[in-house]
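**Q** Please read through the structure below; I'll follow up with questions.
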Amino acid sequence: MHNRPSSSITVSVLIPNLHSPFIGDVVAALRHQSVAPMEVIVVGQDCYNLVCDDEFVRVFHTPQPTPPALALNVALAYARGQVCCFLDADCVPHPDWLAWLLHAYQHGHPVVGGSLGFQPQRYWQRCDNIASWGILMETAPAGTREHLSSGNMLVERGLLYAVGGHDETFRRAGGEDTELCFRLRKQGVALWFEPRAVVYNHTERDTARTVWWHLFRHGSQWGSVAAAHDDMLPTSYWQGLAQRSYAGGVVLAGLAAARDSLVIFGNQPQLFWKQAHTVLGVFWARTGWYAGRLARLHDGLGAG
């Protein structure tokens, strides 16, 4: 990129890791950024021994599998940078990834989310990425968002402390980043999306079944977000019906998933023209999200 941001801004990159076979590639890409971070902090478990401590990387091994919310809070406690960048252990950043995040930060955005780019993938891997990241793909326009992904996100460190970091009651991956985003918004902070800050997600989910269950797990986590922020989440027609009737929720889940797919592709014409063959796969994956949400609503654990 031209007009690179000031290198005086110190950056800590925080990565939760649970035996990712790609963590070595992620750290290698961070060593070759056009604007270098001050440090990389990896928290979790690494059965492949792909990362180790050096002058650039600090690794904190946990005695047991650690959910992302807790791992990121541990990393935050050790972070020294002015800003923190959250990055998933299977998301390899483009060489200009950090430069574009900092470019947006220096233009007045204390919270910035980047995009998910395209690389050679099998069909269901691509569907998983599109269904999960939605309007955070690299084909989406820049602008404010209701929430971002902690797989690719910059937040001013002081803001993270002000809102208390991630909510550690999230014991699995999924929803913890959205919940953090809602707390940031309640502090009056706008969430900015910068599509040029690209990462490439190397998902290992490559079957219709694994993709559906991935979205199911994310949908089942949504109840915790909704319970904490019902003032920011008006009840949708589908949710209102699903709360009253399990059967009604099942019947309309397909329509809700179709609506989601229309929003994803309708707001990104370039995505549709390049990836039209994934529409049905994305629709299928989104039905998994609603199935997970429905299951949570009717097991006595969900909330509005």
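Residue names in the structure tokens use chain letters A, B, ... in the order shown, residue numbers from 1 in each chain, and ligand numbers from 1 in the order shown.
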Tell me which protein, DNA and RNA residues are within 12 Å of Thr210 of chain A, counting only C-alpha atoms, leaving out same-chain ones fewer than 4 positions away, and put them as a PyMOL selection string.
**A** chain A and resi 124-125+127-128+203-206+214-217+284-285+288
**Q** List the spatial neighbours of Phe272 of chain A as a JSON list (two decimals) with C-alpha atoms, in the first residue's frame - criterion: any atom at most 12 Å away, only C-alpha atoms, same-chain residues fewer than 4 positions off excluded.
**A**
```
[["chain", "number", "residue", "atom", "x", "y", "z"],
["A", 130, "ILE", "CA", -19.01, -17.19, 3.31],
["A", 137, "MET", "CA", -15.78, -10.76, 3.03],
["A", 139, "THR", "CA", -15.92, -8.12, -1.60],
["A", 140, "ALA", "CA", -17.98, -6.14, 0.95],
["A", 261, "SER", "CA", -28.17, -15.69, 1.94],
["A", 262, "LEU", "CA", -29.91, -12.91, 0.02],
["A", 263, "VAL", "CA", -28.39, -10.29, 2.32],
["A", 264, "ILE", "CA", -24.90, -11.77, 1.99],
["A", 265, "PHE", "CA", -24.91, -12.01, -1.80],
["A", 266, "GLY", "CA", -27.26, -9.09, -2.47],
["A", 267, "ASN", "CA", -24.96, -6.62, -0.72],
["A", 268, "GLN", "CA", -21.91, -7.97, -2.54],
["A", 276, "ALA", "CA", -22.65, -17.92, -7.41],
["A", 277, "HIS", "CA", -22.06, -21.68, -7.29],
["A", 278, "THR", "CA", -21.87, -21.48, -3.48],
["A", 279, "VAL", "CA", -25.35, -19.99, -2.95],
["A", 280, "LEU", "CA", -27.04, -23.29, -2.14],
["A", 282, "VAL", "CA", -24.32, -21.08, 2.03]]
```
**Q** Using only C-alpha atoms, pick whichever of A:Arg244, A:Arg196, A:Arg185, A:His218 has the shortest atom-to-atom distance to Thr144 of chain A.
**A**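 Looking only at the distances to Thr144 of chain A, the closest residue turns out to be A:Arg185.
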**Q** Apply DSSP to the structure's backbone, then extract all residues of segment 114-271 of chain A labelled strand (DSSP E or B) and return them as a PyMOL selection string.
**A** chain A and resi 114-116+137+143-145+152-156+191-201
**Q** Find the residues near Ser12 of chain A: any atom within 9 Å, counting only C-alpha atoms, skip ones fewer than 5 places away on the same chain, and give them as a PyMOL selection string.
**A** chain A and resi 37-41+76+79-86
**Q** What lies within 9 Å of Leu184 of chain A using only C-alpha atoms, ignoring chain neighbours under 5 positions off, as an NGL selection string?
**A** :A and (111 or 159-160 or 163 or 179 or 189-191)
**Q** May I have the residues within 10 Å of segment 170-174 of chain A as a list of chain:residue names, using only C-alpha atoms and disregarding those fewer than 5 positions away in the same chain?
**A**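 Once the adjacent positions are removed, what remains is A:Thr66, A:Pro67, A:Pro68, A:Ala69, A:Leu70, A:Ser149, A:Ser150, A:Glu179, A:His214, A:Leu215, A:Arg217, A:His218, A:Gly219, A:Ser220, A:Gln221, A:Trp222, A:Ser224, A:Val225.
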**Q** Quick one: residues within 12 Å of segment 19-25 of chain A, only C-alpha atoms, excluding same-chain residues fewer than 4 positions away - as a ChimeraX atom specification?
**A** /A:15,29-32,40-52,57,59,61-62,64-66,87-94,199-204
**Q** Write out as a compact mmCIF listing (two decimals) with N, CA and C atoms, in the first residue's frame all residues of segment 78-276 of chain A that backbone DSSP assigns to alpha helix (DSSP H).
**A**
```
# COMPACT_ATOMS: atom_id res chain seq x y z
N TYR A 78 -0.96 -9.62 29.13
CA TYR A 78 0.48 -9.51 28.87
C TYR A 78 0.80 -8.52 27.75
N TRP A 97 -1.88 -6.56 5.70
CA TRP A 97 -3.00 -6.66 6.64
C TRP A 97 -2.93 -5.62 7.75
N LEU A 98 -1.84 -5.61 8.48
CA LEU A 98 -1.72 -4.69 9.61
C LEU A 98 -1.66 -3.25 9.14
N ALA A 99 -1.02 -3.00 8.01
CA ALA A 99 -0.93 -1.63 7.49
C ALA A 99 -2.32 -1.05 7.25
N TRP A 100 -3.22 -1.85 6.70
CA TRP A 100 -4.57 -1.33 6.43
C TRP A 100 -5.38 -1.16 7.71
N LEU A 101 -5.22 -2.05 8.67
CA LEU A 101 -5.90 -1.85 9.96
C LEU A 101 -5.43 -0.55 10.61
N LEU A 102 -4.13 -0.32 10.60
CA LEU A 102 -3.59 0.90 11.21
C LEU A 102 -3.97 2.14 10.42
N HIS A 103 -4.08 2.00 9.12
CA HIS A 103 -4.54 3.12 8.28
C HIS A 103 -5.91 3.58 8.74
N ALA A 104 -6.82 2.64 8.96
CA ALA A 104 -8.16 2.99 9.43
C ALA A 104 -8.09 3.55 10.85
N TYR A 105 -7.26 2.96 11.69
CA TYR A 105 -7.11 3.43 13.07
C TYR A 105 -6.64 4.88 13.10
N GLN A 106 -5.68 5.22 12.27
CA GLN A 106 -5.16 6.58 12.24
C GLN A 106 -6.13 7.57 11.62
N TYR A 123 -15.12 -26.86 -2.20
CA TYR A 123 -16.44 -26.24 -2.22
C TYR A 123 -16.97 -25.94 -0.82
N TRP A 124 -16.98 -26.94 0.06
CA TRP A 124 -17.60 -26.73 1.37
C TRP A 124 -16.76 -25.84 2.27
N GLN A 125 -15.47 -25.79 2.05
CA GLN A 125 -14.64 -24.83 2.79
C GLN A 125 -15.05 -23.40 2.42
N ARG A 126 -15.25 -23.16 1.14
CA ARG A 126 -15.66 -21.83 0.69
C ARG A 126 -17.04 -21.48 1.24
N CYS A 127 -17.96 -22.43 1.21
CA CYS A 127 -19.30 -22.18 1.75
C CYS A 127 -19.24 -21.86 3.25
N ASP A 128 -18.40 -22.58 3.97
CA ASP A 128 -18.24 -22.34 5.41
C ASP A 128 -17.76 -20.92 5.66
N ASN A 129 -16.77 -20.48 4.90
CA ASN A 129 -16.24 -19.13 5.06
C ASN A 129 -17.30 -18.07 4.78
N ILE A 130 -18.02 -18.20 3.68
CA ILE A 130 -19.01 -17.19 3.31
C ILE A 130 -20.16 -17.17 4.30
N ALA A 131 -20.64 -18.35 4.69
CA ALA A 131 -21.77 -18.41 5.63
C ALA A 131 -21.39 -17.87 7.00
N SER A 132 -20.13 -18.03 7.40
CA SER A 132 -19.68 -17.59 8.72
C SER A 132 -19.33 -16.11 8.75
N TRP A 133 -18.66 -15.62 7.70
CA TRP A 133 -18.18 -14.24 7.69
C TRP A 133 -19.16 -13.28 7.05
N ARG A 157 -6.14 -0.72 23.05
CA ARG A 157 -6.01 -1.51 24.28
C ARG A 157 -6.77 -0.89 25.45
N GLY A 158 -6.74 0.43 25.55
CA GLY A 158 -7.47 1.09 26.63
C GLY A 158 -8.96 0.83 26.59
N LEU A 159 -9.51 0.72 25.38
CA LEU A 159 -10.93 0.41 25.24
C LEU A 159 -11.24 -0.99 25.75
N LEU A 160 -10.35 -1.92 25.46
CA LEU A 160 -10.57 -3.29 25.92
C LEU A 160 -10.62 -3.36 27.43
N TYR A 161 -9.73 -2.63 28.08
CA TYR A 161 -9.77 -2.61 29.54
C TYR A 161 -11.02 -1.89 30.05
N ALA A 162 -11.44 -0.85 29.33
CA ALA A 162 -12.61 -0.08 29.77
C ALA A 162 -13.88 -0.93 29.77
N VAL A 163 -13.99 -1.86 28.81
CA VAL A 163 -15.20 -2.69 28.73
C VAL A 163 -15.02 -4.06 29.38
N GLU A 176 -18.54 -14.83 21.32
CA GLU A 176 -17.80 -13.99 22.26
C GLU A 176 -17.35 -12.67 21.62
N ASP A 177 -17.05 -12.71 20.32
CA ASP A 177 -16.63 -11.48 19.65
C ASP A 177 -17.82 -10.55 19.41
N THR A 178 -18.97 -11.11 19.05
CA THR A 178 -20.17 -10.30 18.86
C THR A 178 -20.58 -9.63 20.16
N GLU A 179 -20.52 -10.37 21.25
CA GLU A 179 -20.89 -9.81 22.55
C GLU A 179 -19.96 -8.66 22.93
N LEU A 180 -18.66 -8.82 22.67
CA LEU A 180 -17.71 -7.73 22.92
C LEU A 180 -18.04 -6.51 22.07
N CYS A 181 -18.39 -6.74 20.83
CA CYS A 181 -18.73 -5.63 19.93
C CYS A 181 -19.93 -4.84 20.45
N PHE A 182 -20.92 -5.54 20.98
CA PHE A 182 -22.09 -4.83 21.51
C PHE A 182 -21.72 -3.98 22.72
N ARG A 183 -20.83 -4.48 23.57
CA ARG A 183 -20.40 -3.66 24.71
C ARG A 183 -19.61 -2.44 24.25
N LEU A 184 -18.81 -2.60 23.22
CA LEU A 184 -18.08 -1.46 22.68
C LEU A 184 -19.05 -0.42 22.10
N ARG A 185 -20.07 -0.90 21.41
CA ARG A 185 -21.06 0.03 20.85
C ARG A 185 -21.81 0.77 21.95
N LYS A 186 -22.06 0.11 23.08
CA LYS A 186 -22.74 0.79 24.19
C LYS A 186 -21.88 1.89 24.80
N ALA A 208 -20.53 -31.17 3.88
CA ALA A 208 -21.81 -30.54 4.21
C ALA A 208 -22.13 -30.71 5.69
N ARG A 209 -21.80 -31.86 6.23
CA ARG A 209 -22.11 -32.14 7.64
C ARG A 209 -21.30 -31.26 8.58
N THR A 210 -19.98 -31.18 8.38
CA THR A 210 -19.14 -30.40 9.30
C THR A 210 -19.44 -28.92 9.21
N VAL A 211 -19.75 -28.44 8.02
CA VAL A 211 -20.10 -27.02 7.87
C VAL A 211 -21.42 -26.72 8.59
N TRP A 212 -22.41 -27.59 8.42
CA TRP A 212 -23.71 -27.38 9.06
C TRP A 212 -23.56 -27.36 10.58
N TRP A 213 -22.78 -28.29 11.12
CA TRP A 213 -22.61 -28.34 12.57
C TRP A 213 -21.80 -27.15 13.09
N HIS A 214 -20.89 -26.65 12.28
CA HIS A 214 -20.15 -25.44 12.67
C HIS A 214 -21.12 -24.27 12.88
N LEU A 215 -22.02 -24.07 11.93
CA LEU A 215 -23.00 -22.98 12.06
C LEU A 215 -24.00 -23.30 13.16
N PHE A 216 -24.34 -24.56 13.36
CA PHE A 216 -25.23 -24.94 14.47
C PHE A 216 -24.64 -24.49 15.80
N ARG A 217 -23.36 -24.75 16.01
CA ARG A 217 -22.72 -24.36 17.27
C ARG A 217 -22.74 -22.85 17.46
N HIS A 218 -22.52 -22.12 16.38
CA HIS A 218 -22.58 -20.66 16.48
C HIS A 218 -24.00 -20.19 16.80
N GLY A 219 -24.98 -20.80 16.18
CA GLY A 219 -26.36 -20.43 16.46
C GLY A 219 -26.75 -20.73 17.89
N SER A 220 -26.25 -21.83 18.43
CA SER A 220 -26.60 -22.20 19.80
C SER A 220 -25.99 -21.24 20.81
N GLN A 221 -24.92 -20.54 20.43
CA GLN A 221 -24.27 -19.58 21.33
C GLN A 221 -24.99 -18.22 21.33
N TRP A 222 -25.82 -17.99 20.32
CA TRP A 222 -26.42 -16.67 20.16
C TRP A 222 -27.31 -16.28 21.34
N GLY A 223 -27.90 -17.26 22.01
CA GLY A 223 -28.77 -16.96 23.14
C GLY A 223 -28.06 -16.17 24.22
N SER A 224 -26.77 -16.46 24.45
CA SER A 224 -26.02 -15.73 25.47
C SER A 224 -25.83 -14.28 25.07
N VAL A 225 -25.61 -14.03 23.78
CA VAL A 225 -25.47 -12.65 23.30
C VAL A 225 -26.80 -11.92 23.43
N ALA A 226 -27.87 -12.59 23.00
CA ALA A 226 -29.19 -11.97 23.03
C ALA A 226 -29.63 -11.64 24.44
N ALA A 227 -29.31 -12.52 25.39
CA ALA A 227 -29.71 -12.29 26.77
C ALA A 227 -29.02 -11.07 27.36
N ALA A 228 -27.76 -10.87 26.99
CA ALA A 228 -27.00 -9.75 27.54
C ALA A 228 -27.31 -8.43 26.86
N TYR A 237 -39.17 -11.60 13.48
CA TYR A 237 -40.41 -12.37 13.31
C TYR A 237 -40.13 -13.85 13.53
N TRP A 238 -39.00 -14.34 12.97
CA TRP A 238 -38.68 -15.76 13.14
C TRP A 238 -38.48 -16.09 14.61
N GLN A 239 -37.74 -15.26 15.33
CA GLN A 239 -37.47 -15.55 16.73
C GLN A 239 -38.75 -15.54 17.56
N GLY A 240 -39.63 -14.56 17.29
CA GLY A 240 -40.88 -14.51 18.03
C GLY A 240 -41.71 -15.76 17.83
N LEU A 241 -41.76 -16.23 16.58
CA LEU A 241 -42.50 -17.46 16.28
C LEU A 241 -41.81 -18.67 16.90
N ALA A 242 -40.48 -18.72 16.79
CA ALA A 242 -39.73 -19.87 17.29
C ALA A 242 -39.85 -20.00 18.80
N GLN A 243 -39.95 -18.88 19.50
CA GLN A 243 -40.11 -18.94 20.95
C GLN A 243 -41.46 -19.54 21.35
N ARG A 244 -42.47 -19.29 20.52
CA ARG A 244 -43.81 -19.79 20.83
C ARG A 244 -44.01 -21.22 20.35
N TYR A 246 -41.94 -24.57 18.49
CA TYR A 246 -40.78 -25.24 17.90
C TYR A 246 -41.05 -25.58 16.44
N ALA A 247 -42.24 -26.12 16.17
CA ALA A 247 -42.59 -26.50 14.80
C ALA A 247 -42.59 -25.29 13.88
N GLY A 248 -43.12 -24.17 14.37
CA GLY A 248 -43.14 -22.96 13.56
C GLY A 248 -41.73 -22.47 13.26
N GLY A 249 -40.84 -22.60 14.25
CA GLY A 249 -39.45 -22.21 14.03
C GLY A 249 -38.78 -23.06 12.98
N VAL A 250 -39.09 -24.36 12.99
CA VAL A 250 -38.53 -25.27 11.99
C VAL A 250 -39.02 -24.90 10.59
N VAL A 251 -40.31 -24.65 10.48
CA VAL A 251 -40.91 -24.35 9.17
C VAL A 251 -40.30 -23.09 8.56
N LEU A 252 -40.12 -22.06 9.39
CA LEU A 252 -39.63 -20.79 8.87
C LEU A 252 -38.11 -20.66 8.87
N ALA A 253 -37.40 -21.65 9.41
CA ALA A 253 -35.94 -21.58 9.44
C ALA A 253 -35.37 -21.50 8.03
N GLY A 254 -35.97 -22.25 7.11
CA GLY A 254 -35.50 -22.21 5.73
C GLY A 254 -35.66 -20.83 5.11
N LEU A 255 -36.80 -20.17 5.40
CA LEU A 255 -37.01 -18.83 4.87
C LEU A 255 -36.02 -17.84 5.48
N ALA A 256 -35.75 -17.99 6.77
CA ALA A 256 -34.79 -17.10 7.43
C ALA A 256 -33.38 -17.31 6.86
N ALA A 257 -33.02 -18.56 6.60
CA ALA A 257 -31.71 -18.85 6.01
C ALA A 257 -31.62 -18.30 4.60
N ALA A 258 -32.72 -18.37 3.85
CA ALA A 258 -32.75 -17.80 2.50
C ALA A 258 -32.59 -16.29 2.56
N ARG A 259 -33.22 -15.65 3.54
CA ARG A 259 -33.07 -14.21 3.72
C ARG A 259 -31.61 -13.86 4.01
N ASP A 260 -30.97 -14.61 4.90
CA ASP A 260 -29.56 -14.36 5.21
C ASP A 260 -28.70 -14.46 3.95
N SER A 261 -28.95 -15.49 3.16
CA SER A 261 -28.17 -15.69 1.94
C SER A 261 -28.38 -14.53 0.97
N LEU A 262 -29.61 -14.05 0.89
CA LEU A 262 -29.91 -12.91 0.02
C LEU A 262 -29.17 -11.66 0.48
N VAL A 263 -29.12 -11.45 1.78
CA VAL A 263 -28.39 -10.29 2.32
C VAL A 263 -26.91 -10.40 2.01
N ILE A 264 -26.33 -11.58 2.22
CA ILE A 264 -24.90 -11.77 1.99
C ILE A 264 -24.54 -11.51 0.53
N PHE A 265 -25.26 -12.15 -0.38
CA PHE A 265 -24.91 -12.01 -1.80
C PHE A 265 -25.48 -10.74 -2.41
N GLY A 266 -26.64 -10.29 -1.92
CA GLY A 266 -27.26 -9.09 -2.47
C GLY A 266 -26.46 -7.84 -2.20
N PRO A 269 -22.38 -7.70 -4.93
CA PRO A 269 -22.54 -8.20 -6.30
C PRO A 269 -21.30 -8.93 -6.81
N GLN A 270 -20.13 -8.44 -6.44
CA GLN A 270 -18.90 -9.10 -6.89
C GLN A 270 -18.79 -10.51 -6.32
N LEU A 271 -19.23 -10.67 -5.08
CA LEU A 271 -19.23 -12.00 -4.47
C LEU A 271 -20.16 -12.93 -5.23
N PHE A 272 -21.33 -12.44 -5.59
CA PHE A 272 -22.29 -13.28 -6.31
C PHE A 272 -21.73 -13.71 -7.66
N TRP A 273 -21.14 -12.77 -8.40
CA TRP A 273 -20.66 -13.12 -9.73
C TRP A 273 -19.48 -14.07 -9.67
N LYS A 274 -18.68 -13.97 -8.63
CA LYS A 274 -17.51 -14.84 -8.52
C LYS A 274 -17.83 -16.18 -7.85
N GLN A 275 -18.84 -16.18 -6.97
CA GLN A 275 -19.10 -17.36 -6.14
C GLN A 275 -20.56 -17.81 -6.20
```
**Q** Show me, as a PDB file with C-alpha atoms, in the first residue's frame, the residues that have an atom within 8 Å of Ser115 of chain A when counting only C-alpha atoms, minus same-chain residues fewer than 4 positions from it.
**A**
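File written: result-v1.pdb
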```pdb
ATOM      1  CA  LEU A 136     -17.170  -9.271   6.246  1.00  0.00           C
ATOM      2  CA  MET A 137     -15.780 -10.765   3.026  1.00  0.00           C
ATOM      3  CA  GLU A 138     -13.213  -8.815   0.999  1.00  0.00           C
ATOM      4  CA  ASN A 152      -9.459 -10.235  12.263  1.00  0.00           C
ATOM      5  CA  PHE A 193     -14.909  -2.448   8.547  1.00  0.00           C
ATOM      6  CA  GLU A 194     -11.833  -2.182   6.306  1.00  0.00           C
ATOM      7  CA  PRO A 195     -12.018  -4.781   3.503  1.00  0.00           C
ATOM      8  CA  ARG A 196      -8.408  -4.225   2.419  1.00  0.00           C
ATOM      9  CA  ALA A 197      -7.148  -5.703   5.719  1.00  0.00           C
ATOM     10  CA  VAL A 198      -7.348  -9.277   4.434  1.00  0.00           C
ATOM     11  CA  VAL A 199      -6.770 -12.628   6.098  1.00  0.00           C
TER      12      VAL A 199
END
```
**Q** Using only C-alpha atoms for the distances, tell me which of A:Arg296, A:Glu55, A:Leu14, A:Gln119 is nearest to Val155 of chain A.
**A**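 For Val155 of chain A, the nearest of the candidates is A:Leu14.
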**Q** For a quick check of understanding, using only C-alpha atoms, which of A:Asp299, A:Ala28, A:Ala36, A:Glu168 has the smallest distance to Ser8 of chain A?
**A** A:Ala36
